[in-house]
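Source file: data.txt (compact mmCIF, C-alpha atoms and all ligand atoms)
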# COMPACT_ATOMS: atom_id res chain seq x y z
CA MET A 1 0.58 10.73 -22.20
CA LYS A 2 1.46 8.91 -18.97
CA PRO A 3 1.61 10.97 -15.76
CA TRP A 4 4.98 12.26 -14.73
CA LEU A 5 5.75 9.66 -12.04
CA LEU A 6 5.35 6.82 -14.55
CA ARG A 7 7.49 8.48 -17.19
CA HIS A 8 10.14 8.86 -14.49
CA LEU A 9 9.93 5.13 -13.71
CA ASP A 10 10.35 4.36 -17.42
CA GLY A 11 13.73 6.03 -17.14
CA SER A 12 13.11 9.33 -18.84
CA PRO A 13 14.82 11.88 -16.58
CA GLN A 14 12.41 14.41 -15.17
CA GLY A 15 14.78 16.67 -13.23
CA ARG A 16 13.72 15.71 -9.71
CA PHE A 17 12.35 12.69 -7.87
CA PRO A 18 8.57 12.17 -7.67
CA VAL A 19 7.18 12.26 -4.14
CA TRP A 20 3.98 11.14 -2.40
CA LEU A 21 3.20 9.69 1.03
CA MET A 22 1.52 6.50 2.10
CA ARG A 23 -1.70 7.29 4.02
CA GLN A 24 -1.54 10.86 2.76
CA ALA A 25 -5.37 11.08 2.71
CA GLY A 26 -5.85 10.10 6.34
CA ARG A 27 -6.19 11.18 9.91
CA TYR A 28 -3.39 13.74 10.26
CA LEU A 29 -5.37 16.12 8.00
CA PRO A 30 -7.76 18.45 9.88
CA ASN A 31 -10.13 18.45 6.87
CA TYR A 32 -10.27 14.65 6.95
CA ARG A 33 -11.14 14.64 10.64
CA LYS A 34 -13.88 17.22 10.05
CA LEU A 35 -15.50 15.02 7.39
CA ARG A 36 -15.07 11.93 9.58
CA GLU A 37 -17.13 13.58 12.33
CA LYS A 38 -20.09 13.51 9.95
CA HIS A 39 -19.59 10.10 8.28
CA SER A 40 -18.46 6.65 9.27
CA PHE A 41 -15.32 5.24 7.66
CA TRP A 42 -17.28 2.84 5.44
CA GLU A 43 -19.75 5.54 4.47
CA MET A 44 -16.83 7.62 3.24
CA ALA A 45 -15.11 4.74 1.47
CA THR A 46 -18.25 3.45 -0.29
CA THR A 47 -19.71 6.79 -1.39
CA PRO A 48 -17.82 7.63 -4.60
CA GLU A 49 -18.16 11.42 -4.21
CA LEU A 50 -16.89 11.33 -0.63
CA ALA A 51 -14.07 8.87 -1.39
CA ALA A 52 -12.99 11.06 -4.31
CA GLN A 53 -13.14 14.21 -2.18
CA VAL A 54 -10.99 12.64 0.57
CA SER A 55 -8.48 11.27 -1.96
CA LEU A 56 -7.95 14.79 -3.28
CA LEU A 57 -7.71 16.47 0.17
CA PRO A 58 -3.91 16.20 0.43
CA LEU A 59 -3.53 18.27 -2.76
CA GLU A 60 -4.95 21.25 -0.86
CA VAL A 61 -1.80 21.32 1.29
CA LEU A 62 0.84 19.16 -0.41
CA GLU A 63 2.37 19.30 -3.88
CA VAL A 64 2.57 15.52 -4.21
CA ASP A 65 2.98 13.80 -7.58
CA ALA A 66 0.49 11.00 -6.96
CA VAL A 67 -2.92 10.52 -5.42
CA ILE A 68 -3.85 7.23 -3.76
CA PHE A 69 -7.59 6.65 -3.69
CA PHE A 70 -9.23 6.65 -0.29
CA SER A 71 -10.21 3.18 0.85
CA ASP A 72 -8.76 0.39 2.99
CA ILE A 73 -7.07 -2.97 2.50
CA LEU A 74 -10.25 -4.61 3.91
CA THR A 75 -12.57 -3.01 1.32
CA LEU A 76 -12.61 -6.08 -0.92
CA PRO A 77 -13.87 -8.46 1.80
CA TYR A 78 -16.23 -5.75 3.08
CA GLY A 79 -17.74 -5.39 -0.41
CA LEU A 80 -18.32 -9.15 -0.49
CA GLY A 81 -20.28 -8.99 2.74
CA VAL A 82 -17.58 -10.17 5.18
CA PRO A 83 -18.40 -8.33 8.44
CA VAL A 84 -15.51 -5.83 8.80
CA GLU A 85 -15.97 -3.04 11.32
CA MET A 86 -13.63 -0.07 11.65
CA LYS A 87 -13.05 0.37 15.38
CA GLU A 88 -11.72 3.68 16.64
CA SER A 89 -8.05 3.39 17.66
CA VAL A 90 -8.01 -0.34 16.80
CA GLY A 91 -8.53 -0.58 13.04
CA PRO A 92 -10.39 -3.24 11.11
CA VAL A 93 -12.18 -5.91 13.17
CA VAL A 94 -13.75 -9.01 11.58
CA SER A 95 -16.48 -10.25 13.91
CA GLN A 96 -16.66 -13.75 12.36
CA PRO A 97 -13.09 -14.70 11.39
CA LEU A 98 -12.57 -16.95 8.35
CA LEU A 99 -10.89 -20.05 9.75
CA THR A 100 -11.09 -22.63 6.97
CA ARG A 101 -10.32 -23.03 3.30
CA GLU A 102 -14.05 -23.36 2.68
CA ALA A 103 -14.65 -20.00 4.33
CA PHE A 104 -12.17 -18.38 1.90
CA GLU A 105 -14.15 -19.77 -1.04
CA VAL A 106 -16.31 -16.68 -0.67
CA PHE A 107 -13.59 -14.90 -2.70
CA THR A 108 -14.26 -17.01 -5.79
CA ARG A 109 -17.59 -15.14 -6.02
CA PHE A 110 -15.92 -11.72 -6.10
CA ARG A 111 -16.88 -9.51 -9.06
CA PRO A 112 -15.59 -5.94 -8.80
CA GLU A 113 -18.41 -4.56 -10.94
CA SER A 114 -20.99 -5.77 -8.41
CA HIS A 115 -19.18 -5.95 -5.05
CA THR A 116 -16.91 -2.89 -5.20
CA ALA A 117 -18.49 -0.82 -7.99
CA PHE A 118 -18.10 2.25 -5.72
CA VAL A 119 -14.30 1.93 -6.05
CA GLY A 120 -14.37 2.16 -9.85
CA GLN A 121 -16.77 5.08 -9.62
CA ALA A 122 -14.54 6.93 -7.14
CA LEU A 123 -11.47 6.36 -9.34
CA SER A 124 -13.25 7.64 -12.47
CA LEU A 125 -14.35 10.73 -10.56
CA ILE A 126 -10.83 11.41 -9.28
CA ARG A 127 -9.24 10.84 -12.69
CA SER A 128 -11.70 13.25 -14.33
CA THR A 129 -10.65 16.12 -12.07
CA LEU A 130 -7.01 15.29 -11.35
CA ASP A 131 -4.19 17.06 -13.22
CA PRO A 132 -3.15 14.56 -15.96
CA GLU A 133 0.48 15.01 -14.87
CA LYS A 134 -0.31 13.54 -11.43
CA ALA A 135 -0.52 9.76 -11.14
CA LEU A 136 -3.58 8.05 -9.71
CA LEU A 137 -2.63 4.97 -7.71
CA GLY A 138 -4.88 2.03 -7.01
CA PHE A 139 -4.15 -0.38 -4.17
CA ALA A 140 -5.13 -3.53 -2.37
CA GLY A 141 -3.91 -5.48 0.62
CA ALA A 142 -1.71 -8.45 -0.26
CA PRO A 143 -3.29 -11.87 0.43
CA TRP A 144 -1.13 -12.60 3.49
CA THR A 145 -1.78 -9.27 5.20
CA VAL A 146 -5.52 -9.27 4.45
CA GLY A 147 -5.53 -12.94 5.49
CA CYS A 148 -4.04 -11.96 8.88
CA TYR A 149 -7.04 -9.71 9.58
CA LEU A 150 -9.57 -12.25 8.25
CA VAL A 151 -8.20 -15.20 10.22
CA GLU A 152 -7.27 -13.37 13.43
CA GLY A 153 -10.24 -11.01 13.46
CA ARG A 154 -7.86 -8.08 14.00
CA ALA A 155 -4.14 -7.28 13.87
CA ASN A 156 -3.36 -8.62 17.34
CA ARG A 157 0.41 -8.57 16.71
CA GLN A 158 0.66 -12.28 17.54
CA PHE A 159 -1.06 -13.84 14.55
CA GLY A 160 -1.46 -17.13 16.43
CA GLN A 161 -4.40 -18.45 14.41
CA ILE A 162 -2.96 -17.92 10.95
CA LYS A 163 0.48 -19.18 12.03
CA ASN A 164 -1.08 -22.25 13.55
CA TRP A 165 -2.91 -22.93 10.29
CA MET A 166 0.32 -22.35 8.34
CA HIS A 167 2.26 -24.87 10.45
CA ARG A 168 -0.57 -27.41 10.53
CA ASP A 169 -1.27 -27.40 6.80
CA PRO A 170 0.64 -24.86 4.68
CA ALA A 171 -0.77 -26.21 1.41
CA ASP A 172 -4.32 -25.74 2.70
CA LEU A 173 -3.62 -22.16 3.83
CA ILE A 174 -2.10 -21.25 0.49
CA VAL A 175 -5.20 -22.51 -1.36
CA ALA A 176 -7.27 -20.21 0.84
CA LEU A 177 -4.92 -17.27 0.22
CA ALA A 178 -4.84 -18.03 -3.52
CA ALA A 179 -8.64 -17.61 -3.70
CA LEU A 180 -8.19 -14.21 -2.08
CA GLY A 181 -5.26 -13.53 -4.45
CA GLU A 182 -7.39 -14.14 -7.56
CA ALA A 183 -10.04 -11.77 -6.23
CA THR A 184 -7.33 -9.20 -5.48
CA LEU A 185 -6.05 -9.50 -9.04
CA SER A 186 -9.45 -8.80 -10.58
CA TYR A 187 -9.96 -5.95 -8.09
CA LEU A 188 -6.68 -4.31 -9.18
CA LYS A 189 -7.41 -4.81 -12.88
CA ASP A 190 -10.76 -3.14 -12.34
CA GLN A 191 -9.06 -0.20 -10.62
CA HIS A 192 -6.76 0.16 -13.62
CA ALA A 193 -9.74 0.03 -16.00
CA HIS A 194 -11.22 2.95 -14.03
CA GLY A 195 -8.19 5.21 -14.27
CA ALA A 196 -5.52 4.02 -11.80
CA GLU A 197 -2.28 4.06 -13.81
CA ALA A 198 -0.34 1.93 -11.32
CA VAL A 199 -1.25 -0.20 -8.31
CA GLN A 200 0.33 -0.82 -4.92
CA LEU A 201 0.01 -4.07 -2.99
CA PHE A 202 0.35 -3.53 0.79
CA ASP A 203 1.95 -6.44 2.66
CA THR A 204 2.40 -4.86 6.08
CA TRP A 205 2.54 -8.14 8.03
CA LEU A 206 4.99 -9.96 5.76
CA SER A 207 7.42 -9.35 8.63
CA GLU A 208 5.67 -12.20 10.46
CA MET A 209 6.10 -14.85 7.76
CA PRO A 210 8.67 -17.64 8.18
CA ARG A 211 11.12 -17.78 5.32
CA GLN A 212 10.28 -21.34 4.31
CA PHE A 213 6.59 -20.57 3.83
CA PHE A 214 7.49 -17.47 1.82
CA VAL A 215 9.82 -19.25 -0.58
CA GLU A 216 7.84 -22.43 -1.02
CA TYR A 217 4.25 -21.20 -1.02
CA TYR A 218 3.75 -17.44 -0.94
CA LEU A 219 6.26 -16.19 -3.49
CA PRO A 220 4.60 -18.04 -6.43
CA LEU A 221 1.23 -16.67 -5.37
CA LEU A 222 2.56 -13.09 -5.42
CA ASN A 223 4.27 -13.62 -8.77
CA ARG A 224 1.04 -14.91 -10.26
CA ILE A 225 -0.49 -11.51 -9.38
CA PHE A 226 2.49 -9.45 -10.59
CA ASP A 227 2.82 -11.41 -13.86
CA ALA A 228 -0.87 -11.06 -14.66
CA LEU A 229 -0.72 -7.30 -14.02
CA ARG A 230 2.45 -6.91 -16.07
CA ALA A 231 0.81 -8.80 -18.95
CA GLU A 232 -1.80 -6.02 -19.01
CA GLY A 233 0.82 -3.27 -18.83
CA ILE A 234 -0.07 -2.26 -15.26
CA PRO A 235 2.95 -1.09 -13.21
CA THR A 236 3.10 -2.57 -9.72
CA ILE A 237 4.49 -1.43 -6.37
CA TYR A 238 4.94 -3.93 -3.53
CA PHE A 239 5.14 -2.61 0.03
CA THR A 240 6.71 -4.55 2.87
CA LYS A 241 8.20 -3.42 6.13
CA HIS A 242 10.61 -4.97 8.59
CA ALA A 243 10.71 -8.20 6.55
CA HIS A 244 14.49 -8.13 6.28
CA HIS A 245 14.76 -11.89 6.80
CA LEU A 246 13.25 -12.13 3.28
CA LEU A 247 15.20 -9.34 1.64
CA ASP A 248 17.35 -11.60 -0.54
CA ASP A 249 14.30 -13.66 -1.57
CA LEU A 250 12.35 -10.56 -2.55
CA ALA A 251 14.65 -10.35 -5.58
CA GLN A 252 12.68 -13.25 -7.05
CA LEU A 253 9.45 -11.25 -7.09
CA ARG A 254 8.32 -9.66 -10.33
CA MET A 255 6.87 -6.28 -9.36
CA ASP A 256 8.30 -3.05 -10.77
CA VAL A 257 8.83 -1.10 -7.56
CA LEU A 258 9.69 -2.24 -4.03
CA SER A 259 8.44 0.12 -1.33
CA THR A 260 10.78 -0.30 1.59
CA ASP A 261 10.90 0.61 5.28
CA GLU A 262 13.23 3.04 7.01
CA LEU A 263 15.55 0.61 8.82
CA LEU A 264 17.93 0.04 5.92
CA LYS A 265 19.37 2.57 3.52
CA LEU A 266 18.03 2.47 -0.04
CA GLY A 267 21.46 1.50 -1.36
CA GLU A 268 21.61 -1.57 0.83
CA VAL A 269 18.10 -2.67 -0.15
CA GLU A 270 19.02 -2.24 -3.80
CA ALA A 271 22.17 -4.33 -3.45
CA ARG A 272 20.42 -7.10 -1.50
CA THR A 273 17.65 -7.30 -4.12
CA GLN A 274 20.18 -7.44 -6.97
CA LYS A 275 19.14 -4.08 -8.45
CA LYS A 276 15.96 -5.71 -9.73
CA PHE A 277 13.53 -2.96 -8.71
CA SER A 278 12.99 0.73 -8.57
CA LEU A 279 12.74 1.63 -4.90
CA GLN A 280 10.14 3.70 -3.09
CA GLY A 281 10.67 5.10 0.38
CA ASN A 282 11.91 5.43 3.00
CA LEU A 283 11.92 8.39 5.38
CA ASP A 284 11.06 7.29 8.92
CA PRO A 285 7.47 8.48 9.60
CA VAL A 286 8.55 9.22 13.17
CA MET A 287 10.97 11.88 11.82
CA LEU A 288 7.93 13.94 10.88
CA PHE A 289 7.26 14.56 14.58
CA GLY A 290 10.65 16.17 15.03
CA ASP A 291 12.19 19.55 14.41
CA ILE A 292 11.40 20.93 10.95
CA GLY A 293 15.14 21.44 10.35
CA VAL A 294 15.72 17.74 10.98
CA VAL A 295 12.94 16.86 8.54
CA ARG A 296 14.65 18.97 5.85
CA MET A 297 18.08 17.52 6.62
CA GLU A 298 16.80 13.91 6.57
CA THR A 299 15.05 14.59 3.27
CA ARG A 300 18.32 15.84 1.78
CA LYS A 301 20.07 12.68 3.01
CA LEU A 302 17.32 10.55 1.46
CA VAL A 303 17.68 12.31 -1.89
CA ALA A 304 21.46 11.83 -1.74
CA GLU A 305 20.85 8.07 -1.25
CA ALA A 306 18.29 7.97 -4.07
CA ARG A 307 20.74 9.65 -6.45
CA LYS A 308 23.19 6.75 -6.03
CA LEU A 309 20.67 4.09 -7.10
CA SER A 310 20.81 2.45 -10.49
CA ARG A 311 17.07 2.76 -11.12
CA PRO A 312 14.74 5.77 -10.78
CA ALA A 313 13.41 6.05 -7.23
CA ILE A 314 10.16 7.44 -5.78
CA LEU A 315 10.43 9.43 -2.55
CA ASN A 316 8.00 8.40 0.16
CA LEU A 317 7.96 7.31 3.82
CA GLY A 318 9.03 3.90 5.09
CA HIS A 319 5.45 3.34 6.30
CA GLY A 320 2.20 5.33 6.44
CA ILE A 321 1.95 8.78 8.03
CA LEU A 322 1.10 8.44 11.70
CA PRO A 323 -1.98 10.08 13.19
CA GLY A 324 -1.08 13.38 14.84
CA THR A 325 1.80 14.18 12.48
CA PRO A 326 2.16 17.98 12.14
CA VAL A 327 1.00 18.98 8.67
CA GLU A 328 3.75 21.63 8.37
CA ASN A 329 6.39 18.89 8.72
CA VAL A 330 4.72 16.76 6.05
CA LYS A 331 4.76 19.84 3.85
CA ALA A 332 8.45 20.46 4.64
CA PHE A 333 9.29 16.91 3.50
CA VAL A 334 7.41 17.33 0.21
CA ASP A 335 8.72 20.84 -0.48
CA GLU A 336 12.32 19.89 0.27
CA ALA A 337 12.02 16.75 -1.88
CA ARG A 338 10.73 18.84 -4.78
CA ALA A 339 13.46 21.42 -4.47
CA LEU A 340 16.32 18.95 -4.91
CA TRP A 341 17.48 17.86 -8.30
CA LEU A 342 18.16 14.31 -9.44
O1 LIG A 401 -3.98 7.93 2.41
C1 LIG A 401 -4.79 7.16 2.91
O2 LIG A 401 -5.20 7.22 4.07
C2 LIG A 401 -5.26 6.17 1.89
C3 LIG A 401 -6.14 5.10 2.27
C4 LIG A 401 -5.68 3.96 3.15
C5 LIG A 401 -4.72 2.98 2.88
C6 LIG A 401 -3.75 2.90 1.73
C7 LIG A 401 -6.30 3.64 4.37
C8 LIG A 401 -7.35 4.46 5.01
N1 LIG A 401 -5.79 2.44 4.80
C9 LIG A 401 -4.82 2.02 3.92
C10 LIG A 401 -4.01 0.80 3.95
C11 LIG A 401 -3.99 -0.04 5.16
N2 LIG A 401 -5.00 -0.26 6.05
C12 LIG A 401 -2.91 -0.85 5.54
C13 LIG A 401 -1.64 -1.00 4.76
C14 LIG A 401 -0.71 0.11 4.97
C15 LIG A 401 -0.13 0.24 6.35
O3 LIG A 401 0.50 -0.71 6.83
O4 LIG A 401 -0.29 1.32 6.91
C16 LIG A 401 -3.25 -1.52 6.72
C17 LIG A 401 -2.41 -2.49 7.52
C18 LIG A 401 -4.58 -1.14 7.04
C19 LIG A 401 -5.39 -1.63 8.15
C20 LIG A 401 -5.94 -0.51 8.91
N3 LIG A 401 -7.06 0.18 8.54
C21 LIG A 401 -5.44 0.07 10.08
C22 LIG A 401 -4.21 -0.39 10.82
C23 LIG A 401 -4.61 -1.28 11.92
C24 LIG A 401 -3.45 -2.00 12.57
O5 LIG A 401 -3.70 -3.14 12.91
O6 LIG A 401 -2.35 -1.44 12.71
C25 LIG A 401 -6.31 1.12 10.43
C26 LIG A 401 -6.23 2.03 11.63
C27 LIG A 401 -7.32 1.17 9.44
C28 LIG A 401 -8.42 2.15 9.32
C29 LIG A 401 -8.14 3.22 8.36
N4 LIG A 401 -7.84 3.01 7.04
C30 LIG A 401 -7.64 4.23 6.42
C31 LIG A 401 -7.86 5.25 7.40
C32 LIG A 401 -7.78 6.73 7.16
C33 LIG A 401 -8.15 4.61 8.61
C34 LIG A 401 -8.49 5.27 9.92
C35 LIG A 401 -9.93 5.15 10.10
C36 LIG A 401 -10.62 6.35 10.64
O7 LIG A 401 -10.62 7.42 10.02
O8 LIG A 401 -11.23 6.18 11.68

Using structure tokens, write down the structure that the file contains.
Ligand code: 1CP
Amino acid sequence: MKPWLLRHLDGSPQGRFPVWLMRQAGRYLPNYRKLREKHSFWEMATTPELAAQVSLLPLEVLEVDAVIFFSDILTLPYGLGVPVEMKESVGPVVSQPLLTREAFEVFTRFRPESHTAFVGQALSLIRSTLDPEKALLGFAGAPWTVGCYLVEGRANRQFGQIKNWMHRDPADLIVALAALGEATLSYLKDQHAHGAEAVQLFDTWLSEMPRQFFVEYYLPLLNRIFDALRAEGIPTIYFTKHAHHLLDDLAQLRMDVLSTDELLKLGEVEARTQKKFSLQGNLDPVMLFGDIGVVRMETRKLVAEARKLSRPAILNLGHGILPGTPVENVKAFVDEARALWL
């Protein structure tokens, strides 16, 4: 039988809303930091036993309904040999940025079974020990967001290189991103084959994309990925944040779930996207630094919003948990979410 979260999405009422948190396996957990002192990020992500162990760490403190496997959105390029370094307090840094369509042709060589075999192995390990009622989620970075890191070298918050390329020759950029998109598709299918029941595509920097490029070039690329996954019966979640200029256009995408940021209420996002998707979100991660009473109150407000939606929602944050978040507040969010009925 499918795990609980997926039965809920199918519309069979389960009594309460499922809950998990983006970046739940990361740096706010003392046990993660302890392991990180002994191993580099890539050592942890590419050693199946370690990646599986880290993925399951949140279950020691949180009663979440899903586990996301421990990795990064830059794992696919890293596995292909693109030089991606994880720099402390910076994030991923690509020492030789990919600046041409020819450079992106490297992605046509991608074979998950040889370049990211460790991911499949980690997923199989997790699935073999995880409670069958808890969902195992696969993920990848969306082509635009991964492209931002590959072209810029790092998330410099200006994205001058990739935007320049987009304005100079949008058709050329989209061919480059499509090569990455095809690789991403086979990466996600491989994750499903190894036990991930659903997959999330992270498009953190969609907020930077001009509307015209989205509608004309990028939207068909995303739909090619969502359609191919749907054809194989793989449920999809698409994460964007602060891309409200595209909110109406997002209704034309064909994922199952839209994971949305904290700036708009769920009801408004649902209306603007024509009730096409289940929604996931959207407690402000910053709230988790506040008073525990506020965390509980905001969670109750979120559940009240979710109850009004026309499709089954998944409770989560609007973005990933921030480093330094007090674990007891994360726990208060999850416990409160579980205590409230649909
Ligand atoms: O729960 C988890 O931690 C799961 C694994 C996970 C996921 C889903 C990691 C581990 N990274 C991601 C996704 C990810 N990585 C995104 C999309 C989601 C989001 O917007 O938060 C992005 C943009 C990245 C890129 C990235 N990797 C950053 C952000 C950099 C920036 O420019 O803002 C950082 C700091 C990393 C490194 C990283 N990835 C993951 C962890 C735990 C870390 C910290 C590394 C460490 O331990 O030193």

### Message
Hey, which residues sit close to ligand LIG 401 (chain A)? Say within 7 Å, counting all atoms listed in the file, and write them as a ChimeraX atom specification.
### Response
/A:22-27,36,41,68-73,86,88-92,139,141,154-155,202-204,319-320

Could you write out that same residue set with C-alpha atoms as an mmCIF file, in the coordinates of the input?
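Once written, result02.cif looks like this:
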data_model
loop_
_atom_site.group_PDB
_atom_site.id
_atom_site.type_symbol
_atom_site.label_atom_id
_atom_site.label_comp_id
_atom_site.auth_asym_id
_atom_site.auth_seq_id
_atom_site.Cartn_x
_atom_site.Cartn_y
_atom_site.Cartn_z
ATOM 1 C CA MET A 22 1.520 6.500 2.100
ATOM 2 C CA ARG A 23 -1.700 7.290 4.020
ATOM 3 C CA GLN A 24 -1.540 10.860 2.760
ATOM 4 C CA ALA A 25 -5.370 11.080 2.710
ATOM 5 C CA GLY A 26 -5.850 10.100 6.340
ATOM 6 C CA ARG A 27 -6.190 11.180 9.910
ATOM 7 C CA ARG A 36 -15.070 11.930 9.580
ATOM 8 C CA PHE A 41 -15.320 5.240 7.660
ATOM 9 C CA ILE A 68 -3.850 7.230 -3.760
ATOM 10 C CA PHE A 69 -7.590 6.650 -3.690
ATOM 11 C CA PHE A 70 -9.230 6.650 -0.290
ATOM 12 C CA SER A 71 -10.210 3.180 0.850
ATOM 13 C CA ASP A 72 -8.760 0.390 2.990
ATOM 14 C CA ILE A 73 -7.070 -2.970 2.500
ATOM 15 C CA MET A 86 -13.630 -0.070 11.650
ATOM 16 C CA GLU A 88 -11.720 3.680 16.640
ATOM 17 C CA SER A 89 -8.050 3.390 17.660
ATOM 18 C CA VAL A 90 -8.010 -0.340 16.800
ATOM 19 C CA GLY A 91 -8.530 -0.580 13.040
ATOM 20 C CA PRO A 92 -10.390 -3.240 11.110
ATOM 21 C CA PHE A 139 -4.150 -0.380 -4.170
ATOM 22 C CA GLY A 141 -3.910 -5.480 0.620
ATOM 23 C CA ARG A 154 -7.860 -8.080 14.000
ATOM 24 C CA ALA A 155 -4.140 -7.280 13.870
ATOM 25 C CA PHE A 202 0.350 -3.530 0.790
ATOM 26 C CA ASP A 203 1.950 -6.440 2.660
ATOM 27 C CA THR A 204 2.400 -4.860 6.080
ATOM 28 C CA HIS A 319 5.450 3.340 6.300
ATOM 29 C CA GLY A 320 2.200 5.330 6.440
#

### Message
If we count only C-alpha atoms and set the cut-off at 6 Å, which residues sit around range 160-172 of chain A, ignoring sequence neighbours fewer than 3 positions away in its own chain? Please answer as a ChimeraX atom specification.
### Response
/A:151-152,175

Output for the residues just chosen: C-alpha atoms as a compact mmCIF listing (two decimals), keeping the file's coordinate frame:
# COMPACT_ATOMS: atom_id res chain seq x y z
CA VAL A 151 -8.20 -15.20 10.22
CA GLU A 152 -7.27 -13.37 13.43
CA VAL A 175 -5.20 -22.51 -1.36

### Query
Between A:Ala228, A:Leu180, A:Leu250, A:Leu62, which has the minimum distance to Phe214 in chain A (counting all atoms listed in the file)?
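Of all the options, A:Leu250 lies closest to Phe214 in chain A.
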
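For the pair CA of Leu185 in chain A and CA of Phe110 in chain A, the separation is 10.5 Å.
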
### Message
What's around Leu35 in chain A at 12 Å? Count all atoms listed in the file, leave out sequence neighbours fewer than 2 positions away in its own chain, and write the answer as a count of residues only.
### Response
21

### Query
Restricting the calculation to only C-alpha atoms, which member of A:Arg101, A:Arg16, A:Lys241, A:Arg338 is positioned closest to Arg296 in chain A?
A:Arg338

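Considering the residues A:Asn316, A:Gln158, A:Ser114, A:Ser207 and counting all atoms listed in the file, Leu258 in chain A has its shortest atom-to-atom contact with A:Asn316.
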
### Query
Between A:Tyr149, A:Trp144, A:Tyr238, A:Phe277, which is the closest to Phe213 in chain A once you count all atoms listed in the file?
A:Trp144

### Query
If we count all atoms listed in the file, what is near Val257 in chain A at a cut-off of 10 Å, once residues fewer than 4 positions away on the same chain are taken out, given as a PyMOL selection string?
chain A and resi 9+200+235-239+276-280+311-314

### Task
Using only C-alpha atoms, determine which residues lie at most 12 Å from Asp131 in chain A, disregarding the query and same-chain residues fewer than 4 positions distant; provide the list as a PyMOL selection string.
chain A and resi 1-4+56+59+63-67+126-127+135-136

### Query
Interatomic distance between CA of Leu315 in chain A and CA of Ala243 in chain A?
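Taking CA of Leu315 in chain A as the start and CA of Ala243 in chain A as the end point, the length is 19.8 Å.
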
### Query
Counting only C-alpha atoms, which of A:Thr184, A:Pro83, A:Phe17, A:Pro323 gets nearest to Thr299 in chain A?
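Between A:Thr184, A:Pro83, A:Phe17, A:Pro323, the residue approaching Thr299 in chain A most closely is A:Phe17.
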
### Residues near Gly233 in chain A, cut-off 12 Å, only C-alpha atoms, skip fewer than 2 positions along chain, as a list in words
Leu6, Lys189, His192, Ala193, Ala196, Glu197, Ala198, Val199, Phe226, Asp227, Ala228, Leu229, Arg230, Ala231, Pro235, Thr236, Met255 and Asp256 of chain A

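Here CA of Gly15 in chain A and CA of Trp341 in chain A stand 5.7 Å from one another.
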
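With all atoms listed in the file as the atoms that count, the minimum distance from Val334 in chain A to the choices A:Gly318, A:Leu21, A:Gln212, A:Glu298 is reached by A:Leu21.
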
All file atoms of range 3-17 of chain A boxed axis-aligned, 3 Å per side, centre plus edges, as JSON:
{"center_x": 8.2, "center_y": 10.5, "center_z": -13.4, "size_x": 19.2, "size_y": 18.3, "size_z": 17.0}

How would range 239-247 of chain A look with N, CA, C and O atoms restored, written as a PDB file, in the coordinates of the input?
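What follows is the written file part-v3.pdb:
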ATOM      1  N   PHE A 239       4.688  -3.191  -1.242  1.00  0.00           N
ATOM      2  CA  PHE A 239       5.140  -2.610   0.030  1.00  0.00           C
ATOM      3  C   PHE A 239       5.320  -3.695   1.089  1.00  0.00           C
ATOM      4  O   PHE A 239       4.413  -4.495   1.341  1.00  0.00           O
ATOM      5  N   THR A 240       6.495  -3.719   1.691  1.00  0.00           N
ATOM      6  CA  THR A 240       6.710  -4.550   2.870  1.00  0.00           C
ATOM      7  C   THR A 240       7.453  -3.703   3.894  1.00  0.00           C
ATOM      8  O   THR A 240       8.081  -2.706   3.543  1.00  0.00           O
ATOM      9  N   LYS A 241       7.375  -4.111   5.134  1.00  0.00           N
ATOM     10  CA  LYS A 241       8.200  -3.420   6.130  1.00  0.00           C
ATOM     11  C   LYS A 241       8.736  -4.427   7.143  1.00  0.00           C
ATOM     12  O   LYS A 241       8.047  -5.380   7.510  1.00  0.00           O
ATOM     13  N   HIS A 242       9.961  -4.184   7.540  1.00  0.00           N
ATOM     14  CA  HIS A 242      10.610  -4.970   8.590  1.00  0.00           C
ATOM     15  C   HIS A 242      10.602  -6.471   8.251  1.00  0.00           C
ATOM     16  O   HIS A 242      10.565  -7.309   9.151  1.00  0.00           O
ATOM     17  N   ALA A 243      10.650  -6.792   6.962  1.00  0.00           N
ATOM     18  CA  ALA A 243      10.710  -8.200   6.550  1.00  0.00           C
ATOM     19  C   ALA A 243      12.113  -8.486   6.023  1.00  0.00           C
ATOM     20  O   ALA A 243      12.286  -9.084   4.962  1.00  0.00           O
ATOM     21  N   HIS A 244      13.107  -8.053   6.774  1.00  0.00           N
ATOM     22  CA  HIS A 244      14.490  -8.130   6.280  1.00  0.00           C
ATOM     23  C   HIS A 244      15.001  -9.566   6.176  1.00  0.00           C
ATOM     24  O   HIS A 244      15.949  -9.827   5.454  1.00  0.00           O
ATOM     25  N   HIS A 245      14.346 -10.471   6.908  1.00  0.00           N
ATOM     26  CA  HIS A 245      14.760 -11.890   6.800  1.00  0.00           C
ATOM     27  C   HIS A 245      14.458 -12.417   5.395  1.00  0.00           C
ATOM     28  O   HIS A 245      14.945 -13.471   5.020  1.00  0.00           O
ATOM     29  N   LEU A 246      13.626 -11.683   4.632  1.00  0.00           N
ATOM     30  CA  LEU A 246      13.250 -12.130   3.280  1.00  0.00           C
ATOM     31  C   LEU A 246      13.865 -11.267   2.185  1.00  0.00           C
ATOM     32  O   LEU A 246      13.539 -11.421   1.015  1.00  0.00           O
ATOM     33  N   LEU A 247      14.722 -10.347   2.590  1.00  0.00           N
ATOM     34  CA  LEU A 247      15.200  -9.340   1.640  1.00  0.00           C
ATOM     35  C   LEU A 247      15.861  -9.963   0.410  1.00  0.00           C
ATOM     36  O   LEU A 247      15.587  -9.562  -0.725  1.00  0.00           O
TER      37      LEU A 247
END
